[in-house]
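Visitor: I'm passing along work32.tsv; it holds TSV, C-alpha atoms and all ligand atoms.
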chain	number	residue	atom	x	y	z
A	13	MET	CA	-5.27	14.04	-2.98
A	14	ASN	CA	-8.51	15.23	-4.46
A	15	PRO	CA	-10.35	16.91	-1.56
A	16	ILE	CA	-13.68	17.07	-3.38
A	17	VAL	CA	-14.21	13.40	-4.15
A	18	ASN	CA	-14.56	11.35	-1.00
A	19	ARG	CA	-15.74	7.85	-0.08
A	20	THR	CA	-19.42	8.79	-0.24
A	21	THR	CA	-19.12	10.38	-3.69
A	22	LEU	CA	-17.28	7.36	-5.05
A	23	LEU	CA	-19.68	4.83	-3.50
A	24	ASN	CA	-22.68	6.71	-4.89
A	25	HIS	CA	-21.00	6.94	-8.29
A	26	TYR	CA	-20.64	3.14	-8.38
A	27	LEU	CA	-24.20	2.63	-7.13
A	28	SER	CA	-25.62	5.02	-9.73
A	29	GLU	CA	-24.57	2.50	-12.42
A	30	ARG	CA	-26.73	-0.28	-10.91
A	31	LYS	CA	-30.47	-0.99	-10.68
A	32	ASN	CA	-32.05	-2.15	-7.39
A	33	SER	CA	-28.67	-1.97	-5.78
A	34	SER	CA	-27.72	-3.68	-2.56
A	35	TYR	CA	-25.03	-2.26	-0.22
A	36	LEU	CA	-23.21	-3.43	2.91
A	37	GLU	CA	-21.08	-1.18	5.14
A	38	ILE	CA	-18.72	-2.76	7.67
A	39	GLY	CA	-17.98	-0.14	10.37
A	40	VAL	CA	-20.73	2.48	10.33
A	41	ARG	CA	-20.04	4.55	13.47
A	42	ASN	CA	-22.53	7.49	13.42
A	43	GLY	CA	-23.94	6.83	9.95
A	44	GLU	CA	-22.30	9.86	8.34
A	45	ASN	CA	-21.48	7.89	5.22
A	46	TYR	CA	-24.05	5.09	5.57
A	47	PHE	CA	-27.11	7.34	5.58
A	48	ALA	CA	-25.79	9.32	2.59
A	49	VAL	CA	-25.35	6.25	0.39
A	50	ASN	CA	-27.98	5.75	-2.33
A	51	ALA	CA	-28.79	2.05	-2.50
A	52	LYS	CA	-32.16	0.34	-2.59
A	53	ARG	CA	-31.19	-2.21	0.08
A	54	LYS	CA	-28.75	-1.29	2.82
A	55	PHE	CA	-27.14	-3.33	5.58
A	56	GLY	CA	-24.72	-2.05	8.20
A	57	VAL	CA	-22.55	-3.84	10.76
A	58	ASP	CA	-20.86	-2.24	13.76
A	59	PRO	CA	-20.61	-3.40	17.38
A	60	ASN	CA	-20.55	0.22	18.60
A	61	TYR	CA	-22.65	2.28	16.22
A	62	PHE	CA	-24.51	5.26	17.61
A	63	PHE	CA	-27.09	7.27	15.69
A	64	ALA	CA	-28.02	10.68	17.02
A	65	LYS	CA	-31.79	11.26	17.02
A	66	ARG	CA	-31.39	14.21	14.67
A	67	ALA	CA	-29.29	12.26	12.18
A	68	LEU	CA	-31.77	9.40	12.29
A	69	LEU	CA	-34.75	11.68	11.63
A	70	LYS	CA	-32.92	13.40	8.79
A	71	SER	CA	-31.93	10.05	7.32
A	72	TRP	CA	-35.58	9.07	6.92
A	73	LEU	CA	-35.90	11.64	4.14
A	74	LYS	CA	-34.16	9.02	2.03
A	75	LYS	CA	-36.52	6.08	1.51
A	76	SER	CA	-33.85	3.37	1.72
A	77	ASN	CA	-32.85	4.55	5.20
A	78	ARG	CA	-36.30	3.61	6.49
A	79	THR	CA	-35.79	-0.03	5.52
A	80	GLN	CA	-32.06	-0.31	6.21
A	81	ARG	CA	-30.92	-3.02	8.63
A	82	MET	CA	-28.19	-2.45	11.21
A	83	PHE	CA	-26.46	-5.29	13.04
A	84	ARG	CA	-24.84	-4.47	16.38
A	85	CYS	CA	-21.98	-6.96	16.22
A	86	THR	CA	-18.53	-7.46	14.76
A	87	SER	CA	-18.16	-8.24	11.08
A	88	ASP	CA	-16.97	-11.79	11.92
A	89	HIS	CA	-20.12	-12.40	13.96
A	90	PHE	CA	-22.29	-10.97	11.17
A	91	PHE	CA	-20.81	-13.25	8.52
A	92	LEU	CA	-20.94	-16.29	10.79
A	93	HIS	CA	-24.42	-15.88	12.23
A	94	HIS	CA	-26.52	-13.46	10.18
A	95	ALA	CA	-25.34	-13.02	6.60
A	96	ALA	CA	-26.70	-16.30	5.22
A	97	GLN	CA	-30.09	-15.64	6.85
A	98	VAL	CA	-30.59	-12.07	5.69
A	99	CYS	CA	-28.87	-11.96	2.34
A	100	GLU	CA	-28.28	-14.25	-0.58
A	101	LYS	CA	-24.89	-15.42	-1.82
A	102	GLY	CA	-23.92	-12.81	-4.37
A	103	GLU	CA	-26.35	-10.27	-2.89
A	104	PHE	CA	-24.26	-7.12	-2.85
A	105	ASP	CA	-23.34	-4.72	-5.63
A	106	LEU	CA	-21.03	-2.86	-3.31
A	107	ILE	CA	-19.40	-3.54	0.07
A	108	PHE	CA	-17.56	-0.82	1.98
A	109	ILE	CA	-14.96	-2.14	4.44
A	110	ASP	CA	-14.24	0.42	7.16
A	111	GLY	CA	-14.37	-1.54	10.45
A	112	MET	CA	-11.28	-2.64	12.39
A	113	HIS	CA	-8.30	-1.11	10.55
A	114	THR	CA	-5.85	-3.98	10.84
A	115	TYR	CA	-4.32	-6.09	8.10
A	116	GLU	CA	-5.73	-9.30	9.57
A	117	GLN	CA	-9.30	-8.04	10.05
A	118	SER	CA	-9.60	-6.09	6.80
A	119	LEU	CA	-8.34	-9.14	4.88
A	120	GLN	CA	-10.81	-11.38	6.73
A	121	ASP	CA	-13.59	-8.89	5.95
A	122	ALA	CA	-12.60	-9.01	2.28
A	123	VAL	CA	-12.59	-12.83	2.17
A	124	ASN	CA	-16.00	-13.03	3.87
A	125	SER	CA	-17.37	-10.25	1.67
A	126	LEU	CA	-16.36	-11.96	-1.57
A	127	SER	CA	-18.94	-14.74	-1.01
A	128	PHE	CA	-21.71	-12.18	-0.74
A	129	LEU	CA	-20.57	-9.94	-3.57
A	130	LYS	CA	-22.10	-10.04	-7.06
A	131	ARG	CA	-19.63	-11.36	-9.64
A	132	ASP	CA	-19.40	-7.86	-11.13
A	133	GLY	CA	-19.68	-6.07	-7.79
A	134	ARG	CA	-17.00	-4.07	-6.03
A	135	ILE	CA	-15.42	-3.88	-2.60
A	136	VAL	CA	-14.15	-0.48	-1.47
A	137	PHE	CA	-11.72	-0.23	1.47
A	138	HIS	CA	-11.18	2.96	3.43
A	139	ASP	CA	-7.81	4.02	4.98
A	140	CYS	CA	-5.48	2.39	2.44
A	141	ASN	CA	-3.00	5.23	1.99
A	142	PRO	CA	-1.65	6.42	5.36
A	143	TRP	CA	0.66	9.45	5.38
A	144	SER	CA	2.47	9.04	8.70
A	145	GLU	CA	4.04	6.20	10.63
A	146	GLU	CA	1.78	7.05	13.55
A	147	SER	CA	-1.43	6.76	11.56
A	148	ALA	CA	-0.17	3.54	9.91
A	149	GLN	CA	0.62	1.67	13.11
A	150	PRO	CA	-1.11	-1.69	13.38
A	151	HIS	CA	-2.56	-1.06	16.86
A	152	ILE	CA	-5.15	1.51	17.89
A	153	PRO	CA	-3.08	4.49	19.10
A	154	SER	CA	-3.69	5.80	22.59
A	155	GLY	CA	-3.39	9.48	21.62
A	156	LYS	CA	-5.60	11.52	19.30
A	157	VAL	CA	-4.50	10.58	15.81
A	158	SER	CA	-6.49	9.78	12.71
A	159	TRP	CA	-5.85	6.03	12.58
A	160	ASN	CA	-5.56	4.24	9.24
A	161	GLY	CA	-3.88	1.14	10.66
A	162	ASP	CA	-2.25	-1.36	8.32
A	163	VAL	CA	-5.13	-1.89	5.92
A	164	TRP	CA	-2.56	-0.99	3.24
A	165	LYS	CA	-1.06	-4.46	3.69
A	166	THR	CA	-4.37	-6.00	2.65
A	167	ILE	CA	-4.21	-4.04	-0.61
A	168	PHE	CA	-0.60	-5.15	-1.09
A	169	HIS	CA	-1.66	-8.77	-0.42
A	170	LEU	CA	-4.62	-8.70	-2.82
A	171	ARG	CA	-2.40	-7.16	-5.50
A	172	GLN	CA	-0.30	-10.35	-5.39
A	173	HIS	CA	-3.29	-12.07	-7.08
A	174	GLN	CA	-3.53	-9.96	-10.22
A	175	GLU	CA	-4.71	-12.94	-12.28
A	176	ILE	CA	-7.86	-13.15	-10.14
A	177	PHE	CA	-8.50	-9.63	-8.92
A	178	GLU	CA	-8.21	-6.11	-10.15
A	179	CYS	CA	-7.01	-4.18	-7.10
A	180	PHE	CA	-5.75	-0.61	-6.87
A	181	THR	CA	-6.06	2.51	-4.70
A	182	TYR	CA	-7.55	5.88	-5.48
A	183	GLU	CA	-5.67	8.80	-4.00
A	184	ALA	CA	-8.66	10.30	-2.21
A	185	ASP	CA	-10.13	10.31	1.31
A	186	GLU	CA	-7.29	8.49	3.16
A	187	GLY	CA	-6.86	6.10	0.22
A	188	LEU	CA	-9.84	4.23	-1.28
A	189	GLY	CA	-8.85	0.68	-2.18
A	190	ILE	CA	-10.90	-1.01	-4.92
A	191	LEU	CA	-11.28	-4.76	-5.40
A	192	LYS	CA	-13.07	-6.52	-8.28
A	193	TRP	CA	-13.03	-10.05	-9.67
A	194	ARG	CA	-11.42	-10.18	-13.11
A	195	ASN	CA	-13.94	-11.16	-15.82
A	196	ASN	CA	-12.36	-14.45	-16.81
A	197	ALA	CA	-11.16	-15.53	-13.35
A	198	SER	CA	-12.69	-18.45	-11.47
A	199	ASP	CA	-14.70	-17.21	-8.51
A	200	LEU	CA	-13.01	-19.59	-6.09
A	201	ILE	CA	-11.45	-17.61	-3.26
A	202	PRO	CA	-7.73	-18.48	-3.26
A	203	PRO	CA	-6.56	-20.29	-0.10
A	204	GLU	CA	-3.56	-17.94	0.09
A	205	LEU	CA	-5.85	-15.17	1.29
A	206	SER	CA	-4.91	-15.60	4.93
A	207	PRO	CA	-2.50	-13.19	6.64
A	208	GLN	CA	1.13	-13.85	5.69
A	209	PRO	CA	3.94	-13.13	8.20
A	210	SER	CA	6.10	-11.71	5.38
A	211	ILE	CA	3.38	-9.13	4.67
A	212	LYS	CA	2.56	-8.49	8.33
A	213	ASN	CA	6.24	-7.69	8.91
A	214	LEU	CA	6.37	-4.97	6.23
A	215	THR	CA	7.08	-1.57	7.75
A	216	TYR	CA	5.97	1.98	7.07
A	217	ALA	CA	9.47	2.60	5.64
A	218	ASP	CA	8.80	-0.20	3.10
A	219	LEU	CA	5.56	1.50	2.13
A	220	GLN	CA	7.31	4.85	1.77
A	221	LYS	CA	9.84	3.35	-0.63
A	222	LYS	CA	7.33	1.60	-2.90
A	223	ARG	CA	3.99	3.30	-2.21
A	224	ASN	CA	2.93	3.38	-5.83
A	225	GLU	CA	3.80	-0.25	-6.52
A	226	TYR	CA	2.35	-1.59	-3.26
A	227	LEU	CA	-0.95	0.25	-3.50
A	228	GLY	CA	-1.38	0.75	-7.26
A	229	LEU	CA	-2.13	4.44	-6.83
A	230	ARG	CA	-4.49	6.10	-9.27
A	231	VAL	CA	-5.84	9.62	-9.47
A	232	LEU	CA	-9.59	9.72	-9.02
A	233	GLU	CA	-11.23	11.92	-11.63
A	234	MET	CA	-14.99	12.24	-11.60
B	301	LIG	C1	-13.89	4.78	11.04
B	301	LIG	S1	-15.35	4.24	11.79
B	301	LIG	C2	-16.45	4.01	10.43
B	301	LIG	C3	-16.83	5.28	9.71
B	301	LIG	C4	-17.91	5.15	8.67
B	301	LIG	N1	-17.70	4.04	7.75
B	301	LIG	C5	-17.98	6.43	7.84
B	301	LIG	O1	-17.44	6.45	6.73
B	301	LIG	O2	-18.60	7.40	8.31
B	301	LIG	C6	-14.93	2.59	12.22
B	301	LIG	C7	-16.05	1.82	12.90
B	301	LIG	O3	-15.73	0.44	12.86
B	301	LIG	C8	-16.30	-0.19	13.97
B	301	LIG	N2	-15.64	-1.47	14.18
B	301	LIG	C9	-14.52	-1.75	14.90
B	301	LIG	N3	-14.26	-3.06	14.86
B	301	LIG	C10	-15.22	-3.63	14.08
B	301	LIG	C11	-15.49	-4.95	13.66
B	301	LIG	N4	-14.70	-5.98	14.03
B	301	LIG	N5	-16.57	-5.19	12.87
B	301	LIG	C12	-17.36	-4.15	12.49
B	301	LIG	N6	-17.15	-2.88	12.86
B	301	LIG	C13	-16.09	-2.61	13.64
B	301	LIG	C14	-16.09	0.82	15.09
B	301	LIG	O4	-17.05	0.61	16.12
B	301	LIG	C15	-16.26	2.16	14.37
B	301	LIG	O5	-17.56	2.69	14.57
Output the file's structure in the form of structure tokens.
Guide:
Amino acid sequence: MNPIVNRTTLLNHYLSERKNSSYLEIGVRNGENYFAVNAKRKFGVDPNYFFAKRALLKSWLKKSNRTQRMFRCTSDHFFLHHAAQVCEKGEFDLIFIDGMHTYEQSLQDAVNSLSFLKRDGRIVFHDCNPWSEESAQPHIPSGKVSWNGDVWKTIFHLRQHQEIFECFTYEADEGLGILKWRNNASDLIPPELSPQPSIKNLTYADLQKKRNEYLGLRVLEM
């Protein structure tokens, strides 16, 4: 893993290539990453976000943080009730998926996000490359463990549609999954993008055996 490049560096690298960029973060928590992202328009979604007064004041040094819009709800609720009102179809240059770390929810977040992503935009997923069975378990652990969940199955699933999407994982910051439409692909979202029992039933041992193939690991050099 490259300890220097993390999610924020990569997101800002992608955004630096775009003009008047628009960004959505699903799962914001305390704004550590969200406030540090450089986009002209920013939207965040999290049912339990909490911004410390100090972090909020500091964030205002960046102009876009003064106009950012946070939604206190789940990502499903946001896409169902708010997204069409506050953003256009194809609004976002970049969407960061870092909410509920399950296969089912991260796949649903990806499907919903695709409608609001620019044709040449990118989705970045956090937590795609877990390094222990405990951190990769599909349910929120009771003890203190850094939980990646089974988001890796979403990357595996999306990689089954290579003719439509480019999808791979950078070996940095818990595994940063990247999703892009291929240039010549139709932008119809394939109906097969619903959770599959055969994928849900994959185990951590399966991942261990074929980590490179399942995730499409790449070294991130910036
Ligand atoms: C790992 S934290 C996000 C960290 C943040 N993206 C960062 O990089 O600093 C995950 C967040 O997802 C939120 N979350 C959980 N379920 C969610 C859902 N269904 N929709 C949106 N956010 C969710 C949690 O409240 C939590 O704050």
Visitor: List all protein, DNA and RNA residues that have any atom at most 6 Å from ligand LIG 301 (chain B), counting only C-alpha atoms and all ligand atoms, and write the list as a list in words.
Guide: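 So the residues close to ligand LIG 301 (chain B) are Ile38, Gly39, Val40, Arg41, Gly43, Glu44, Asn45, Val57, Asp58, Pro59, Asn60, Tyr61, Thr86, Ser87, Asp110, Gly111 and Met112 of chain A.
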Visitor: Show which residues sit within 10 Å of A:Gln117, as a list in words. Count all atoms listed in the file, and ignore same-chain residues fewer than 6 positions away.
Guide: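 The residues that qualify are Ser87, Asp88, Ile109, Gly111, Val123, Asp162, Val163, Thr166 and Pro207 of chain A.
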Visitor: What gap, in Å, lies between atom CA of A:Lys222 and atom CA of A:His25?
Guide: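 Between atom CA of A:Lys222 and atom CA of A:His25 the gap is 29.3 Å.
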Visitor: List as CSV every residue of stretch 185-231 of chain A that is in contact with stretch 138-149 of chain A, defined as an atom at most 9 Å from one of its atoms (using only C-alpha atoms), together with the nearest atom pair and the distance in Å rounded to one decimal, sorted by chain and then rising number.
Guide:
residue,atom,partner,partner_atom,distance
A:Asp185,CA,A:Asp139,CA,7.6
A:Glu186,CA,A:Asp139,CA,4.9
A:Gly187,CA,A:Asn141,CA,4.3
A:Leu188,CA,A:His138,CA,5.1
A:Gly189,CA,A:Cys140,CA,6.0
A:Thr215,CA,A:Glu145,CA,8.8
A:Tyr216,CA,A:Glu145,CA,5.8
A:Ala217,CA,A:Glu145,CA,8.2
A:Gln220,CA,A:Trp143,CA,8.9
A:Arg223,CA,A:Asn141,CA,8.4
A:Leu227,CA,A:Asn141,CA,7.7
A:Leu229,CA,A:Asn141,CA,8.9
Visitor: Go ahead and compute the interatomic distance for atom CA of A:Ile135 and atom CA of A:Lys31, in Å to one decimal.
Guide: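 Here the two named atoms are 17.3 Å from each other.
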Visitor: Of the candidates A:Gln172, A:Gln120, A:Asn195, A:Thr181, which shows the shortest atom-to-atom distance to A:Leu232, using all atoms listed in the file?
Guide: A:Thr181
Visitor: Around the point (-6.0, -3.0, -5.4) (coordinates from the file), which residues reach within 8 Å if we count only C-alpha atoms? Answer as a list in words.
Guide: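 Within the cut-off we find Ile167, Phe168, Leu170, Arg171, Phe177, Glu178, Cys179, Phe180, Thr181, Gly189, Ile190, Leu191, Leu227 and Gly228 of chain A.
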Visitor: Give me, as an MDAnalysis selection string, all polymer residues having an atom no more than 10 Å from A:Arg53, counting all atoms listed in the file and skipping those fewer than 4 positions away in the same chain.
Guide: chainID A and resid 32:36 75:77 79:81 103:104
Visitor: So which residues touch A:Trp193 within 10 Å, counting all atoms listed in the file, skipping near sequence neighbours fewer than 2 positions away, as a PyMOL selection string?
Guide: chain A and resi 126+129-135+174-179+191+195-199
Visitor: Which residue out of A:Leu200, A:Arg194, A:Phe108, A:Ala184 has the minimum interatomic distance to A:Ser127 when only C-alpha atoms are used?
Guide: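 Smallest distance to A:Ser127 is found for A:Leu200.
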Visitor: Taking the partial coordinates given, rebuild stretch 214-226 of chain A to contain N, CA and C atoms; return it as a PDB file, keeping the file's coordinate frame.
Guide:
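Written output follows (part-v2.pdb):
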ATOM      1  N   LEU A 214       5.997  -6.166   7.009  1.00  0.00           N
ATOM      2  CA  LEU A 214       6.370  -4.970   6.230  1.00  0.00           C
ATOM      3  C   LEU A 214       6.242  -3.738   7.139  1.00  0.00           C
ATOM      4  N   THR A 215       7.081  -2.750   6.888  1.00  0.00           N
ATOM      5  CA  THR A 215       7.080  -1.570   7.750  1.00  0.00           C
ATOM      6  C   THR A 215       6.591  -0.343   6.974  1.00  0.00           C
ATOM      7  N   TYR A 216       6.377   0.726   7.717  1.00  0.00           N
ATOM      8  CA  TYR A 216       5.970   1.980   7.070  1.00  0.00           C
ATOM      9  C   TYR A 216       7.077   2.464   6.128  1.00  0.00           C
ATOM     10  N   ALA A 217       8.341   2.204   6.508  1.00  0.00           N
ATOM     11  CA  ALA A 217       9.470   2.600   5.640  1.00  0.00           C
ATOM     12  C   ALA A 217       9.390   1.837   4.305  1.00  0.00           C
ATOM     13  N   ASP A 218       8.986   0.569   4.352  1.00  0.00           N
ATOM     14  CA  ASP A 218       8.800  -0.200   3.100  1.00  0.00           C
ATOM     15  C   ASP A 218       7.732   0.462   2.234  1.00  0.00           C
ATOM     16  N   LEU A 219       6.649   0.850   2.877  1.00  0.00           N
ATOM     17  CA  LEU A 219       5.560   1.500   2.130  1.00  0.00           C
ATOM     18  C   LEU A 219       6.050   2.806   1.491  1.00  0.00           C
ATOM     19  N   GLN A 220       6.797   3.568   2.271  1.00  0.00           N
ATOM     20  CA  GLN A 220       7.310   4.850   1.770  1.00  0.00           C
ATOM     21  C   GLN A 220       8.134   4.665   0.500  1.00  0.00           C
ATOM     22  N   LYS A 221       8.933   3.583   0.492  1.00  0.00           N
ATOM     23  CA  LYS A 221       9.840   3.350  -0.630  1.00  0.00           C
ATOM     24  C   LYS A 221       9.078   2.953  -1.889  1.00  0.00           C
ATOM     25  N   LYS A 222       7.996   2.178  -1.726  1.00  0.00           N
ATOM     26  CA  LYS A 222       7.330   1.600  -2.900  1.00  0.00           C
ATOM     27  C   LYS A 222       5.812   1.853  -2.883  1.00  0.00           C
ATOM     28  N   ARG A 223       5.411   3.010  -2.397  1.00  0.00           N
ATOM     29  CA  ARG A 223       3.990   3.300  -2.210  1.00  0.00           C
ATOM     30  C   ARG A 223       3.165   3.035  -3.482  1.00  0.00           C
ATOM     31  N   ASN A 224       3.681   3.514  -4.582  1.00  0.00           N
ATOM     32  CA  ASN A 224       2.930   3.380  -5.830  1.00  0.00           C
ATOM     33  C   ASN A 224       2.744   1.915  -6.229  1.00  0.00           C
ATOM     34  N   GLU A 225       3.835   1.172  -6.133  1.00  0.00           N
ATOM     35  CA  GLU A 225       3.800  -0.250  -6.520  1.00  0.00           C
ATOM     36  C   GLU A 225       2.934  -1.058  -5.529  1.00  0.00           C
ATOM     37  N   TYR A 226       3.089  -0.813  -4.256  1.00  0.00           N
ATOM     38  CA  TYR A 226       2.350  -1.590  -3.260  1.00  0.00           C
ATOM     39  C   TYR A 226       0.836  -1.348  -3.353  1.00  0.00           C
TER      40      TYR A 226
END
